[in-house]
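Student: Submitted below is the structure of interest, expressed as structure tokens.
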Amino acid sequence: MFESHPYDVHITGERNINKKNSKRITEACKDKEVIRFVFMGDTQRWYDETADFVNAINLRDDIDFVIHGGDISDFGATKEFIWQRDILNGLHVPYVVAIGNHDYLGNGEEAFRAIFGDPDFTFMAGKSKFVCLDTNALDNDYSRDIPNFSFIEETITQEENPYENSIVIMHVPPFDRIFNNNVNKVFEYYIHQYNNPLFCLHAHTHHWSIRDLFDDGVLYYGCDAIHERTYMIFTINPDNTYTYELVHF
Amino acid sequence: MNWSTFRIVFLFLFFLNQSASFANQRSEEKENRYGTIIYEKHLNRSKEFWNELMPAYSKIHFFGGMGTFSIGFGWDYGKRDQWETDVHIGLVPRFSDKKAKATFTIKQNLYPWKIKLSRFFIFEPLSCSIYFNTIFGDQFWTKDPDRYPKGYYQVPTRIRTHLAIGQRISYDFCKKDRLFWKSISFYYEITSCDFYIISAVQNSYLKPSDYLNLAFGVKLQFF
């Protein structure tokens, strides 16, 4: 009702979503053999489609959680994050959000951090480790640790939470102009340090795609922007295999 | 040269000198008078010019995307003083950002109607405003920084354009009661900015309570 400025980062309502929902996901999937999750992204300024997506997911009962691939806002304005959070909070299953390059516009990063938490985070679902990485290097003028290899090194470990396979989520894929392409090969190397990397997920390109970017067998799946009215379902099987499906809603 | 010739030449030179100095005195006086007139004219013109520029009122404005509060001054003009141009400096508290921010706003208002409610109260049932706000901080820009390919974002995060409509009520102080101000006005506005208007046009999901904001303020009229 009263707004100091569109970039005021005055956050009302729920905060720290990623940490809370990671915990919920881990607990809900603790004893599950098969994990089934939805991947989507780029909901920026497509509120109608995002609300329809939430309704479509709520009609299903076979989804464990949802991963948003980033660009939750279009201009980085505070209210955009709040509007999208409120829509996604309507999901009956927990969700987490990766940070996108549009989320960095203005002081969007601060709004993202306040509402969703650190852009780099991991969580466990069954025997799978999900690693969400900030890859928006150009928006930080290549002057910050993006991608953060130290974070990857810290989270590779099997000691605390042993995992059988890993899935890496990012907004911008390698070779995109926003990615720090000077470290492409290092990034590939580090991804392979995780135990049994099954595949990588990204948003940003706005078009569904499957690419073996490094010819190393780890596929990069890109999702449509939400205005295309699609989402992807991935099913992780007990034998560390997986299947995927593109769903129109 | 005999004595009489010398006397004649002396007297001639004396009068010549006298007449010259008299003439000089006259012309200096004339110049001084002329200079004084130009100076006074210039001074008056300057005074008139600066008087014209003197703000007619000040405002204390709350919210509306111009800061939690902003202070400003402005000028009213037009046949019925129906036009107003304000400039404001505002403060955005830190909230969850790393630091507080300052904003600067240029605001154009139109009050098409005035309704005299009583001897002292005037009600203006409609205000229409457009204002341009800039926020200070390195993270905001008017055009994409050079590191991006040309036209990558095309979002001038530093400049916001707002539209507003509202109402105002004014109290005219009786001449004998005037201490600092001629009148005091209270107003409110319903505002929205370019980001929200674009989003609202494209999405039926968004409700007016999402994209409309409320602002209010006080206007103190000097003259």
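Chain labels A, B, ... are given in the sequence in which chains occur in the structure tokens; within each chain residues are numbered consecutively from 1, and ligands are likewise numbered from 1 in the order shown.
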Kindly determine which residues of chain B lie within 8 Å of chain A, considering only C-alpha atoms, and give the answer as JSON, numbers by chain.
Tutor: {"B": [62, 63, 64, 65, 66, 67, 68, 69, 92, 93, 94, 95, 96, 97, 98, 139, 140, 141, 147, 148, 155, 157, 158, 195, 199, 202, 203, 204, 205, 206, 209, 210, 212, 213, 214, 215]}
Student: Step one, run DSSP on the backbone; step two, keep only residues of range 126-198 of chain B assigned to strand (DSSP E); then write them as an NGL selection string.
Tutor: :B and (126-135 or 159-172 or 183-193)
Student: Nearest to Phe175 in chain A: which of A:Val96, A:Phe123, A:Val34, A:Asp212 is it, counting only C-alpha atoms?
Tutor: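 Ranked by minimum distance to Phe175 in chain A, first place goes to A:Asp212.
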Student: What is the distance, in Å and to one decimal place, between CA of Leu220 in chain B and CA of Gln108 in chain B?
Tutor: 16.9 Å
